[in-house]
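**Student:** Next comes input.txt, compact mmCIF, C-alpha atoms and all ligand atoms:
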# COMPACT_ATOMS: atom_id res chain seq x y z
CA MET A 126 -6.83 -24.24 18.75
CA ALA A 127 -6.60 -20.74 20.20
CA ASN A 128 -8.37 -18.00 18.30
CA ASN A 129 -5.68 -15.72 16.95
CA ASP A 130 -7.98 -13.03 15.64
CA THR A 131 -7.98 -9.91 17.75
CA THR A 132 -10.19 -6.88 17.50
CA LEU A 133 -9.35 -3.48 18.84
CA SER A 134 -12.31 -3.51 21.24
CA GLU A 135 -10.07 -5.45 23.61
CA PHE A 136 -7.97 -2.33 23.94
CA PRO A 137 -8.89 1.14 25.15
CA SER A 138 -9.77 3.50 22.32
CA GLN A 139 -7.06 6.06 21.80
CA VAL A 140 -8.98 7.84 19.13
CA PHE A 141 -12.27 9.10 20.42
CA PRO A 142 -13.10 10.16 23.95
CA ASP A 143 -15.69 7.96 25.67
CA ASP A 144 -18.62 10.36 25.28
CA HIS A 145 -17.97 10.43 21.54
CA ARG A 146 -18.04 6.64 21.35
CA GLN A 147 -21.53 6.61 22.75
CA LYS A 148 -22.88 8.43 19.70
CA PRO A 149 -23.18 5.66 17.12
CA ASN A 150 -24.45 8.07 14.50
CA ALA A 151 -21.26 10.08 14.46
CA ILE A 152 -19.18 6.91 14.13
CA ASP A 153 -21.50 5.49 11.48
CA GLN A 154 -21.12 8.73 9.55
CA LEU A 155 -17.34 8.53 9.87
CA HIS A 156 -17.35 4.96 8.52
CA ARG A 157 -19.65 5.93 5.68
CA VAL A 158 -17.58 8.95 4.64
CA THR A 159 -14.23 7.13 4.84
CA ALA A 160 -15.62 4.09 2.98
CA ILE A 161 -16.94 6.32 0.17
CA LEU A 162 -13.74 8.36 0.09
CA ALA A 163 -11.61 5.19 -0.06
CA HIS A 164 -13.77 3.79 -2.86
CA GLU A 165 -13.66 7.02 -4.83
CA LEU A 166 -9.88 7.25 -4.46
CA ARG A 167 -9.12 3.60 -5.18
CA ASN A 168 -10.61 3.76 -8.68
CA PRO A 169 -8.38 6.58 -9.97
CA LEU A 170 -5.43 5.07 -8.07
CA SER A 171 -6.05 1.82 -9.91
CA VAL A 172 -5.87 3.55 -13.28
CA LEU A 173 -2.69 5.39 -12.23
CA GLN A 174 -1.09 2.17 -10.91
CA ALA A 175 -1.82 0.37 -14.18
CA GLY A 176 -0.40 3.31 -16.16
CA ILE A 177 2.80 3.19 -14.10
CA ASP A 178 3.12 -0.58 -14.62
CA LEU A 179 2.86 0.01 -18.37
CA MET A 180 5.65 2.61 -18.44
CA ASP A 181 9.15 1.66 -19.52
CA ASP A 182 11.82 2.15 -16.91
CA ASP A 183 15.53 2.64 -16.70
CA ALA A 184 16.55 0.41 -13.79
CA ASN A 185 19.70 2.50 -13.19
CA ASP A 186 17.88 5.82 -12.97
CA GLU A 187 16.74 6.34 -9.36
CA HIS A 188 14.83 9.45 -10.42
CA SER A 189 12.97 8.05 -13.42
CA LEU A 190 9.40 9.24 -13.99
CA LYS A 191 8.12 5.73 -13.40
CA LYS A 192 9.77 5.46 -9.99
CA LEU A 193 8.67 8.99 -9.10
CA PHE A 194 5.03 8.25 -9.94
CA GLN A 195 5.16 4.86 -8.22
CA THR A 196 6.32 6.46 -4.99
CA GLN A 197 3.46 8.98 -5.08
CA VAL A 198 0.80 6.36 -5.80
CA GLN A 199 2.14 4.13 -3.02
CA GLN A 200 2.00 7.06 -0.63
CA MET A 201 -1.59 7.89 -1.59
CA THR A 202 -2.63 4.25 -1.31
CA ARG A 203 -1.09 4.07 2.15
CA LEU A 204 -2.95 7.21 3.24
CA VAL A 205 -6.25 5.69 2.11
CA GLU A 206 -5.53 2.48 4.06
CA ASP A 207 -4.47 4.42 7.18
CA LEU A 208 -7.62 6.54 7.02
CA LEU A 209 -9.79 3.43 6.86
CA ASP A 210 -7.94 1.87 9.79
CA LEU A 211 -8.44 5.06 11.78
CA SER A 212 -12.16 4.89 11.09
CA ARG A 213 -12.25 1.19 12.06
CA SER A 214 -10.35 1.84 15.27
CA ALA A 215 -13.13 4.21 16.40
CA ASP A 216 -15.35 1.24 17.24
CA GLY A 217 -12.93 -1.65 17.56
CA ARG A 218 -13.22 -3.05 14.04
CA VAL A 219 -9.49 -3.17 13.30
CA ARG A 220 -8.66 -6.83 12.88
CA VAL A 221 -5.45 -8.77 12.86
CA LYS A 222 -5.32 -12.36 11.65
CA ARG A 223 -2.39 -14.03 13.32
CA ARG A 224 -0.47 -17.16 12.48
CA PRO A 225 3.14 -18.24 12.95
CA ILE A 226 5.30 -16.28 10.52
CA ASP A 227 8.94 -15.65 9.85
CA LEU A 228 9.66 -11.99 10.67
CA LEU A 229 12.55 -11.35 8.28
CA PRO A 230 10.70 -11.71 4.94
CA ARG A 231 8.11 -9.23 6.27
CA LEU A 232 10.82 -6.76 7.28
CA ASN A 233 12.26 -7.12 3.79
CA ASP A 234 8.81 -6.46 2.29
CA ALA A 235 8.55 -3.28 4.38
CA ILE A 236 12.01 -2.17 3.27
CA LYS A 237 11.05 -2.89 -0.33
CA SER A 238 7.92 -0.80 -0.10
CA VAL A 239 9.91 2.30 0.94
CA GLU A 240 13.03 1.65 -1.13
CA GLN A 241 12.09 4.05 -3.90
CA VAL A 242 11.37 6.97 -1.61
CA VAL A 243 14.57 6.21 0.29
CA ALA A 244 16.59 6.04 -2.95
CA GLN A 245 15.09 9.30 -4.20
CA ARG A 246 16.34 10.96 -1.03
CA ASN A 247 19.77 9.37 -1.47
CA GLN A 248 19.32 7.62 1.84
CA ARG A 249 20.15 3.99 2.56
CA ILE A 250 18.78 1.35 4.87
CA THR A 251 21.12 -1.04 6.67
CA ILE A 252 19.79 -4.09 8.46
CA ASN A 253 21.59 -5.83 11.35
CA VAL A 254 20.14 -9.14 12.25
CA THR A 255 21.10 -12.16 14.34
CA SER A 256 21.39 -15.46 12.49
CA GLU A 257 18.89 -17.33 14.68
CA PRO A 258 15.31 -17.84 13.42
CA LEU A 259 12.91 -15.04 14.35
CA TRP A 260 9.32 -16.24 14.29
CA LEU A 261 6.25 -14.65 15.79
CA ASN A 262 2.53 -15.16 15.90
CA GLY A 263 1.53 -12.30 13.63
CA ASP A 264 -0.62 -10.96 10.83
CA PRO A 265 1.85 -10.74 7.91
CA GLN A 266 0.22 -7.70 6.29
CA ARG A 267 -0.03 -5.84 9.59
CA ILE A 268 3.61 -6.58 10.45
CA VAL A 269 4.64 -5.11 7.07
CA GLN A 270 2.35 -2.11 7.74
CA ILE A 271 3.99 -1.43 11.15
CA PHE A 272 7.52 -1.35 9.74
CA THR A 273 6.57 0.45 6.54
CA ASN A 274 5.17 3.27 8.69
CA LEU A 275 8.28 3.44 10.87
CA LEU A 276 10.66 3.32 7.91
CA SER A 277 8.80 5.92 5.88
CA ASN A 278 8.84 8.25 8.91
CA ALA A 279 12.56 7.62 9.41
CA SER A 280 13.11 8.68 5.80
CA LYS A 281 10.64 11.59 5.87
CA TYR A 282 12.07 13.14 9.03
CA SER A 283 15.74 12.81 7.98
CA GLU A 284 17.95 14.79 5.64
CA GLN A 285 18.94 13.55 2.21
CA GLY A 286 21.91 11.18 2.16
CA THR A 287 21.52 9.87 5.70
CA GLU A 288 21.45 6.27 6.90
CA ILE A 289 18.57 4.39 8.52
CA VAL A 290 19.57 1.36 10.57
CA VAL A 291 17.21 -1.50 11.36
CA SER A 292 18.45 -3.83 14.10
CA VAL A 293 16.70 -7.05 14.99
CA ALA A 294 17.60 -9.18 17.99
CA ARG A 295 16.11 -11.56 20.47
CA VAL A 296 15.84 -10.07 23.96
CA GLU A 297 15.01 -12.41 26.79
CA ASN A 298 13.88 -15.81 25.59
CA ASP A 299 10.55 -15.05 24.09
CA THR A 300 10.72 -11.50 22.75
CA ILE A 301 11.98 -10.05 19.46
CA GLU A 302 13.14 -6.44 19.49
CA ILE A 303 13.25 -4.37 16.31
CA ARG A 304 14.88 -0.94 16.37
CA VAL A 305 14.51 1.60 13.56
CA CYS A 306 17.16 4.25 14.04
CA ASP A 307 17.56 7.43 11.98
CA HIS A 308 19.87 10.47 12.02
CA GLY A 309 17.07 12.92 11.41
CA ILE A 310 15.39 15.87 13.11
CA GLY A 311 14.98 14.07 16.44
CA ILE A 312 12.21 14.49 19.00
CA ASP A 313 12.08 16.74 22.02
CA ALA A 314 12.05 14.84 25.35
CA GLU A 315 8.56 16.01 26.29
CA ASP A 316 7.12 15.03 22.91
CA LEU A 317 8.38 11.44 23.13
CA ALA A 318 5.37 10.46 25.20
CA ILE A 319 2.81 11.81 22.74
CA VAL A 320 4.15 10.93 19.28
CA PHE A 321 2.12 7.70 19.31
CA ASP A 322 -1.15 9.55 19.99
CA PHE A 323 -3.41 9.90 16.96
CA PHE A 324 -3.12 13.35 15.33
CA SER A 325 -0.10 14.32 17.42
CA GLN A 326 2.12 16.12 14.98
CA VAL A 327 4.99 17.45 16.98
CA LYS A 328 5.65 21.13 16.47
CA THR A 329 9.12 21.89 15.23
CA SER A 330 10.69 24.70 13.31
CA ASP A 331 12.57 22.24 11.12
CA SER A 332 11.63 22.55 7.46
CA LEU A 333 11.68 18.77 7.05
CA ALA A 334 8.77 18.32 9.39
CA HIS A 335 5.51 18.00 7.50
CA SER A 336 7.17 18.80 4.21
CA ASP A 337 5.45 15.64 2.90
CA GLY A 338 2.13 16.27 4.57
CA GLY A 339 0.89 13.32 6.61
CA LEU A 340 -2.27 12.86 8.63
CA GLY A 341 -0.73 12.19 12.02
CA ILE A 342 -2.19 8.68 12.02
CA GLY A 343 0.77 6.42 11.24
CA LEU A 344 2.31 6.06 14.69
CA GLY A 345 -1.10 5.73 16.36
CA LEU A 346 -1.75 2.75 14.10
CA VAL A 347 1.72 1.36 14.79
CA ARG A 348 1.08 1.35 18.53
CA THR A 349 -2.43 -0.07 18.11
CA LEU A 350 -1.24 -2.90 15.85
CA VAL A 351 1.78 -3.70 18.02
CA GLN A 352 -0.48 -3.92 21.10
CA MET A 353 -2.85 -6.17 19.20
CA HIS A 354 0.12 -8.50 18.68
CA GLY A 355 0.79 -8.51 22.44
CA GLY A 356 3.83 -6.24 22.07
CA SER A 357 4.92 -2.72 22.94
CA ALA A 358 6.38 0.25 21.07
CA TRP A 359 8.19 3.36 22.18
CA ALA A 360 10.51 6.07 20.88
CA THR A 361 13.81 7.45 22.15
CA SER A 362 15.79 10.49 21.04
CA GLU A 363 18.66 12.52 22.43
CA GLY A 364 16.74 15.61 21.40
CA ILE A 365 16.09 17.94 18.45
CA GLY A 366 18.59 17.40 15.63
CA LYS A 367 19.96 14.21 17.18
CA GLY A 368 17.97 11.51 15.40
CA SER A 369 15.34 9.14 16.73
CA GLU A 370 15.01 5.47 17.48
CA PHE A 371 11.68 3.63 17.39
CA VAL A 372 11.63 0.35 19.27
CA VAL A 373 9.08 -2.43 18.78
CA ARG A 374 8.98 -5.54 20.96
CA LEU A 375 6.92 -8.52 19.87
CA PRO A 376 6.48 -11.92 21.53
CA SER A 377 8.21 -14.67 19.55
CA CYS A 378 6.97 -18.18 18.84
CA GLU A 379 8.53 -21.51 17.91
CA PRO A 380 9.84 -21.67 14.32
CA GLN A 381 7.63 -23.75 11.99
CA LEU A 382 8.67 -25.98 9.12
CA SER A 383 7.25 -23.65 6.50
CA ASP A 384 5.69 -20.23 6.32
CA GLN A 385 2.34 -21.06 4.72
CA GLY A 386 0.80 -18.49 2.45
CA ARG A 387 4.03 -17.06 1.09
CA ASP A 388 3.84 -17.44 -2.64
CA GLN A 389 7.28 -18.61 -3.71
CA SER A 390 6.01 -19.65 -7.12
CA VAL A 391 8.16 -18.71 -10.09
CA GLU A 392 6.26 -20.83 -12.58
CA PRO A 393 5.70 -19.17 -15.94
CA LEU A 394 2.21 -17.81 -16.57
CA VAL A 395 -0.05 -19.81 -18.83
CA PRO A 396 -2.39 -17.86 -21.17
CA ALA A 397 -5.99 -17.73 -20.00
CA ARG A 398 -9.45 -16.73 -21.26
CA ILE A 399 -10.41 -13.73 -19.18
CA LEU A 400 -13.62 -11.68 -18.93
CA ILE A 401 -13.33 -8.16 -17.45
CA VAL A 402 -16.53 -6.62 -16.07
CA ASP A 403 -16.29 -2.97 -15.02
CA ASP A 404 -18.49 0.04 -15.77
CA GLN A 405 -15.54 2.45 -15.80
CA ARG A 406 -14.02 2.52 -19.26
CA SER A 407 -10.64 3.67 -17.94
CA ASN A 408 -10.43 0.58 -15.66
CA VAL A 409 -11.36 -1.79 -18.49
CA TYR A 410 -8.84 -0.12 -20.79
CA MET A 411 -6.02 -0.39 -18.24
CA LEU A 412 -6.79 -4.00 -17.24
CA ASN A 413 -6.81 -4.93 -20.93
CA ALA A 414 -3.50 -3.18 -21.48
CA LEU A 415 -1.86 -4.86 -18.46
CA LEU A 416 -3.08 -8.30 -19.47
CA GLU A 417 -1.96 -7.74 -23.05
CA LYS A 418 1.47 -6.82 -21.74
CA LEU A 419 1.52 -10.07 -19.72
CA GLY A 420 0.89 -11.75 -23.04
CA GLY A 421 -1.19 -14.34 -24.84
CA HIS A 422 -4.50 -14.03 -23.00
CA GLU A 423 -7.86 -14.13 -24.74
CA LEU A 424 -9.75 -11.12 -23.43
CA ARG A 425 -13.38 -9.97 -23.44
CA SER A 426 -14.97 -7.10 -21.57
CA ALA A 427 -18.40 -5.89 -20.49
CA SER A 428 -19.58 -2.75 -18.73
CA ASP A 429 -22.64 -4.25 -16.99
CA GLY A 430 -24.18 -7.52 -15.88
CA ALA A 431 -26.51 -8.03 -18.85
CA THR A 432 -23.70 -7.53 -21.37
CA ALA A 433 -21.45 -9.85 -19.36
CA LEU A 434 -24.09 -12.60 -19.46
CA SER A 435 -24.51 -12.23 -23.22
CA VAL A 436 -20.71 -12.49 -23.66
CA LEU A 437 -20.80 -15.64 -21.52
CA ALA A 438 -23.31 -17.22 -23.91
CA GLU A 439 -20.39 -17.96 -26.24
CA PHE A 440 -17.23 -17.45 -24.14
CA ILE A 441 -16.00 -19.77 -21.39
CA PRO A 442 -13.68 -17.74 -19.17
CA GLU A 443 -11.11 -19.29 -16.88
CA ILE A 444 -11.02 -16.04 -14.95
CA VAL A 445 -13.66 -13.32 -14.45
CA LEU A 446 -12.39 -9.98 -13.09
CA LEU A 447 -15.46 -8.42 -11.57
CA ASP A 448 -16.10 -4.90 -10.31
CA LEU A 449 -18.77 -5.10 -7.58
CA GLY A 450 -20.33 -1.64 -7.99
CA LEU A 451 -22.00 -2.14 -11.36
CA PRO A 452 -25.02 -0.18 -12.59
CA GLY A 453 -28.29 -2.19 -12.75
CA MET A 454 -27.48 -5.78 -11.81
CA SER A 455 -24.87 -5.54 -9.03
CA GLY A 456 -21.56 -7.40 -9.16
CA LEU A 457 -22.82 -9.79 -6.46
CA GLU A 458 -25.99 -10.60 -8.41
CA LEU A 459 -23.88 -11.16 -11.50
CA ALA A 460 -21.53 -13.47 -9.55
CA LYS A 461 -24.55 -15.59 -8.51
CA GLU A 462 -25.80 -15.71 -12.12
CA ILE A 463 -22.36 -16.75 -13.38
CA ARG A 464 -22.15 -19.53 -10.81
CA GLN A 465 -25.47 -20.90 -12.15
CA LEU A 466 -23.97 -21.31 -15.63
CA GLU A 467 -22.82 -24.89 -16.09
CA HIS A 468 -19.82 -23.92 -18.25
CA CYS A 469 -18.60 -21.33 -15.71
CA ARG A 470 -18.63 -23.63 -12.69
CA HIS A 471 -14.84 -23.80 -12.69
CA SER A 472 -14.14 -20.17 -13.59
CA LEU A 473 -12.11 -18.26 -11.02
CA LEU A 474 -14.31 -15.33 -9.94
CA VAL A 475 -12.21 -12.42 -8.71
CA ALA A 476 -13.80 -9.31 -7.20
CA LEU A 477 -11.71 -6.18 -7.86
CA THR A 478 -13.29 -3.46 -5.80
CA GLY A 479 -12.80 -0.21 -3.95
CA TYR A 480 -14.97 -1.38 -1.01
CA ASP A 481 -13.06 -2.84 1.92
CA ASP A 482 -15.90 -4.17 4.00
CA ASP A 483 -16.12 -7.42 6.00
CA GLN A 484 -19.83 -7.87 5.32
CA LEU A 485 -19.39 -7.31 1.60
CA ARG A 486 -16.51 -9.82 1.59
CA ALA A 487 -18.76 -12.41 3.26
CA GLU A 488 -21.59 -11.70 0.81
CA ALA A 489 -19.18 -11.96 -2.11
CA THR A 490 -17.96 -15.36 -0.90
CA ALA A 491 -21.57 -16.52 -0.47
CA ALA A 492 -22.30 -15.33 -4.04
CA GLY A 493 -19.51 -17.55 -5.39
CA VAL A 494 -16.59 -15.11 -5.54
CA ASP A 495 -13.26 -16.95 -5.05
CA LEU A 496 -10.90 -14.02 -4.46
CA TYR A 497 -11.60 -10.52 -3.15
CA HIS A 498 -8.97 -7.90 -3.98
CA LEU A 499 -8.90 -4.20 -3.36
CA LYS A 500 -7.99 -1.68 -6.00
CA PRO A 501 -5.51 -0.37 -7.05
CA VAL A 502 -4.79 -3.32 -9.30
CA SER A 503 -1.11 -3.70 -10.15
CA MET A 504 0.74 -5.91 -12.58
CA ASP A 505 1.98 -7.91 -9.55
CA LEU A 506 -1.56 -8.54 -8.36
CA LEU A 507 -2.68 -9.71 -11.82
CA GLN A 508 0.26 -12.11 -11.95
CA GLN A 509 -0.68 -13.50 -8.54
CA ILE A 510 -4.26 -14.00 -9.72
CA LEU A 511 -3.13 -15.76 -12.88
CA ARG A 512 -0.96 -18.09 -10.79
CA ARG A 513 -3.75 -18.76 -8.28
CA ARG A 514 -5.89 -20.08 -11.11
CA ARG A 515 -3.46 -22.96 -11.52
CA ILE A 516 -3.28 -23.69 -7.81
CA GLU A 517 -7.00 -23.43 -7.05
CA ARG A 518 -8.70 -24.91 -10.06
P1 LIG A 601 2.70 11.94 10.28
O1 LIG A 601 4.07 11.50 9.92
O2 LIG A 601 1.68 11.67 9.24
O3 LIG A 601 2.65 13.38 10.77
P2 LIG A 601 2.82 9.94 12.41
O4 LIG A 601 1.75 9.46 13.33
O5 LIG A 601 3.51 8.92 11.58
O6 LIG A 601 2.18 11.09 11.54
O7 LIG A 601 3.91 10.68 13.30
C1 LIG A 601 3.47 11.62 14.30
C2 LIG A 601 4.54 12.68 14.51
O8 LIG A 601 5.67 12.10 15.16
C3 LIG A 601 5.06 13.28 13.22
O9 LIG A 601 4.26 14.36 12.77
C4 LIG A 601 6.46 13.76 13.64
O10 LIG A 601 6.35 15.03 14.30
C5 LIG A 601 6.87 12.73 14.70
N1 LIG A 601 7.76 11.70 14.15
C6 LIG A 601 7.40 10.49 13.66
N2 LIG A 601 8.49 9.78 13.25
C7 LIG A 601 9.56 10.58 13.45
C8 LIG A 601 10.97 10.43 13.24
N3 LIG A 601 11.49 9.30 12.72
N4 LIG A 601 11.77 11.46 13.60
C9 LIG A 601 11.25 12.59 14.15
N5 LIG A 601 9.93 12.79 14.37
C10 LIG A 601 9.09 11.81 14.03
Turn this file's structure into structure tokens for me.
**Tutor:**
Amino acid sequence: MANNDTTLSEFPSQVFPDDHRQKPNAIDQLHRVTAILAHELRNPLSVLQAGIDLMDDDANDEHSLKKLFQTQVQQMTRLVEDLLDLSRSADGRVRVKRRPIDLLPRLNDAIKSVEQVVAQRNQRITINVTSEPLWLNGDPQRIVQIFTNLLSNASKYSEQGTEIVVSVARVENDTIEIRVCDHGIGIDAEDLAIVFDFFSQVKTSDSLAHSDGGLGIGLGLVRTLVQMHGGSAWATSEGIGKGSEFVVRLPSCEPQLSDQGRDQSVEPLVPARILIVDDQRSNVYMLNALLEKLGGHELRSASDGATALSVLAEFIPEIVLLDLGLPGMSGLELAKEIRQLEHCRHSLLVALTGYDDDQLRAEATAAGVDLYHLKPVSMDLLQQILRRRRIER
């Protein structure tokens, strides 16, 4: 079977000039700093995300505090992810894991992830789509990332109350074309060629531009990811004040019987015995509170490996939620110790960490970790984990 994994090294670097790429120390430093920054930001983001999930909400109030905070945390989380991808793209470590997927659920996920920011700006998204199946060989998370970036730009660079139109159609036999059209500030003809360059923030006198900050990374990542899927992306605009259209073309593939990996499960959650291991009290507190809200679970917690092992002397957890950066015995060492315990052989070991690192993932798997999830931890993620227990064990 063909290898569907692609790394950026197959494509020319658009980030760093060649001479820069020959200085591994500078790139190593960049990776180190962004990895530490991401880790340091993911922990507080996790506490904030849990706090938001615990807040009551009025579903009819588009401007509720909960929705306002959720939008901000999503935006910060996205910035952290984009920054890491930028760092990875400096030496070709951006990866996409492709498989046949149905495009439309991923477009809906992207629309969902911007729906609060769009609603807060009294904007609306309309989607026009042909009825035929639209499948492609793609990385589901990356496809969502591409369209989330385009949609959040369409909202950010448009006035309140405007409409964003997403059109999806098959062009030629084997290509899907997705157009994201807004009625916003538009782009000058000579800037159209550079908007996809990293750090190219087009100068404009319009007060909407940059009102929400932004690193100038999003479109660079969009182009990179689209190219890694064998597609192309470009922008058109009639000029300043006349709106913009971003076009993405991706090669299609034959529809499959089912889209593996999409969790359609609506089974009720079954109470579980859960051990939380994290040295940050705020994380333990919030995980406890979220799990209590989900109801019925028997919970224990520990702030380091030794305490965790003493809890395990008389507690048989079905799930262990494990922070990897523990003081003293590391999370990986603890995972190995837990796997040695006869009564924990069937426990689901879940790493919840701020470190997004391929090597660490591999080491965690070798140490006996079943699932590796990045913070922030949301109520949704905990529900997924609780459901996985039933599927995997
Ligand atoms: P950021 O939005 O963080 O500045 P991006 O890489 O996403 O960075 O976009 C680069 C630049 O392209 C933006 O700064 C903006 O000037 C321009 N741009 C992106 N999307 C739009 C849009 N929908 N309408 C007008 N200009 C846009």
**Student:** What lies within 10 Å of segment 205-211 of chain A using all atoms listed in the file, ignoring chain neighbours under 5 positions off, as an MDAnalysis selection string?
**Tutor:** chainID A and resid 140 155:156 158:160 162:164 166:167 199:200 216:220 270 274 323 340:343 345:346 481
**Student:** Mind checking which residues fall within 10 Å of Phe194 of chain A, counting only C-alpha atoms, ignoring those fewer than 6 positions away in the same chain, and posting them as a ChimeraX atom specification?
**Tutor:** /A:173-174,176-177,188,200
**Student:** What are the centre and the three edge lengths of an axis-aligned box that wraps all atoms of ligand LIG 601 (chain A) in the file, given that 5 Å is added to every side, written as AutoDock Vina command-line options and rounded to one decimal in Å?
**Tutor:**
--center_x 6.7 --center_y 12.0 --center_z 12.2 --size_x 20.1 --size_y 16.1 --size_z 15.9
**Student:** How far is it from atom CA of Ser256 of chain A to atom CA of Asn298 of chain A, in Å with one decimal?
**Tutor:**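 Distance reported for this atom pair: 15.1 Å.
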**Student:** List every residue of chain A that has an atom at most 8 Å from any atom of ligand LIG 601 (chain A), and for each one report the closest atom pair and its distance in Å to one decimal, counting only C-alpha atoms and all ligand atoms, with rows sorted by chain and then by increasing residue number, as CSV.
**Tutor:**
residue,atom,partner,partner_atom,distance
A:Asn274,CA,A:LIG601,O5,6.6
A:Leu275,CA,A:LIG601,N2,6.8
A:Leu276,CA,A:LIG601,N3,7.7
A:Asn278,CA,A:LIG601,N2,4.6
A:Ala279,CA,A:LIG601,N3,3.9
A:Ser280,CA,A:LIG601,N3,7.1
A:Lys281,CA,A:LIG601,N3,7.3
A:Tyr282,CA,A:LIG601,N4,4.9
A:Ser283,CA,A:LIG601,N4,7.0
A:Cys306,CA,A:LIG601,N3,7.7
A:Asp307,CA,A:LIG601,N3,6.4
A:Gly309,CA,A:LIG601,N4,5.9
A:Ile310,CA,A:LIG601,C9,5.4
A:Gly311,CA,A:LIG601,C9,4.6
A:Ile312,CA,A:LIG601,C9,5.3
A:Val320,CA,A:LIG601,O8,4.5
A:Phe321,CA,A:LIG601,O4,6.2
A:Asp322,CA,A:LIG601,O4,7.3
A:Phe323,CA,A:LIG601,O4,6.3
A:Phe324,CA,A:LIG601,O4,6.5
A:Ser325,CA,A:LIG601,C1,5.5
A:Gln326,CA,A:LIG601,O9,3.5
A:Val327,CA,A:LIG601,O10,3.9
A:Lys328,CA,A:LIG601,O10,6.5
A:Thr329,CA,A:LIG601,O10,7.5
A:Ala334,CA,A:LIG601,O10,6.4
A:His335,CA,A:LIG601,O3,6.3
A:Gly338,CA,A:LIG601,O2,6.6
A:Gly339,CA,A:LIG601,O2,3.2
A:Leu340,CA,A:LIG601,O2,4.2
A:Gly341,CA,A:LIG601,O6,3.1
A:Ile342,CA,A:LIG601,O4,4.2
A:Gly343,CA,A:LIG601,O5,3.7
A:Leu344,CA,A:LIG601,O4,3.7
A:Gly345,CA,A:LIG601,O4,5.6
A:Leu346,CA,A:LIG601,O4,7.6
A:Gly368,CA,A:LIG601,N4,6.5
A:Ser369,CA,A:LIG601,N4,5.3
A:Glu370,CA,A:LIG601,N3,7.1
A:Phe371,CA,A:LIG601,N3,7.3
**Student:** Generate the output file for the selected residues, C-alpha atoms, as a PDB file, keeping the file's coordinate frame.
**Tutor:**
ATOM      1  CA  ASN A 274       5.170   3.270   8.690  1.00  0.00           C
ATOM      2  CA  LEU A 275       8.280   3.440  10.870  1.00  0.00           C
ATOM      3  CA  LEU A 276      10.660   3.320   7.910  1.00  0.00           C
ATOM      4  CA  ASN A 278       8.840   8.250   8.910  1.00  0.00           C
ATOM      5  CA  ALA A 279      12.560   7.620   9.410  1.00  0.00           C
ATOM      6  CA  SER A 280      13.110   8.680   5.800  1.00  0.00           C
ATOM      7  CA  LYS A 281      10.640  11.590   5.870  1.00  0.00           C
ATOM      8  CA  TYR A 282      12.070  13.140   9.030  1.00  0.00           C
ATOM      9  CA  SER A 283      15.740  12.810   7.980  1.00  0.00           C
ATOM     10  CA  CYS A 306      17.160   4.250  14.040  1.00  0.00           C
ATOM     11  CA  ASP A 307      17.560   7.430  11.980  1.00  0.00           C
ATOM     12  CA  GLY A 309      17.070  12.920  11.410  1.00  0.00           C
ATOM     13  CA  ILE A 310      15.390  15.870  13.110  1.00  0.00           C
ATOM     14  CA  GLY A 311      14.980  14.070  16.440  1.00  0.00           C
ATOM     15  CA  ILE A 312      12.210  14.490  19.000  1.00  0.00           C
ATOM     16  CA  VAL A 320       4.150  10.930  19.280  1.00  0.00           C
ATOM     17  CA  PHE A 321       2.120   7.700  19.310  1.00  0.00           C
ATOM     18  CA  ASP A 322      -1.150   9.550  19.990  1.00  0.00           C
ATOM     19  CA  PHE A 323      -3.410   9.900  16.960  1.00  0.00           C
ATOM     20  CA  PHE A 324      -3.120  13.350  15.330  1.00  0.00           C
ATOM     21  CA  SER A 325      -0.100  14.320  17.420  1.00  0.00           C
ATOM     22  CA  GLN A 326       2.120  16.120  14.980  1.00  0.00           C
ATOM     23  CA  VAL A 327       4.990  17.450  16.980  1.00  0.00           C
ATOM     24  CA  LYS A 328       5.650  21.130  16.470  1.00  0.00           C
ATOM     25  CA  THR A 329       9.120  21.890  15.230  1.00  0.00           C
ATOM     26  CA  ALA A 334       8.770  18.320   9.390  1.00  0.00           C
ATOM     27  CA  HIS A 335       5.510  18.000   7.500  1.00  0.00           C
ATOM     28  CA  GLY A 338       2.130  16.270   4.570  1.00  0.00           C
ATOM     29  CA  GLY A 339       0.890  13.320   6.610  1.00  0.00           C
ATOM     30  CA  LEU A 340      -2.270  12.860   8.630  1.00  0.00           C
ATOM     31  CA  GLY A 341      -0.730  12.190  12.020  1.00  0.00           C
ATOM     32  CA  ILE A 342      -2.190   8.680  12.020  1.00  0.00           C
ATOM     33  CA  GLY A 343       0.770   6.420  11.240  1.00  0.00           C
ATOM     34  CA  LEU A 344       2.310   6.060  14.690  1.00  0.00           C
ATOM     35  CA  GLY A 345      -1.100   5.730  16.360  1.00  0.00           C
ATOM     36  CA  LEU A 346      -1.750   2.750  14.100  1.00  0.00           C
ATOM     37  CA  GLY A 368      17.970  11.510  15.400  1.00  0.00           C
ATOM     38  CA  SER A 369      15.340   9.140  16.730  1.00  0.00           C
ATOM     39  CA  GLU A 370      15.010   5.470  17.480  1.00  0.00           C
ATOM     40  CA  PHE A 371      11.680   3.630  17.390  1.00  0.00           C
TER      41      PHE A 371
END
**Student:** Taking all atoms listed in the file into account, which of A:Asp183, A:Asp403, A:Asp178, A:Glu439 comes nearest Asp505 of chain A?
**Tutor:**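 Looking only at the distances to Asp505 of chain A, the closest residue turns out to be A:Asp178.
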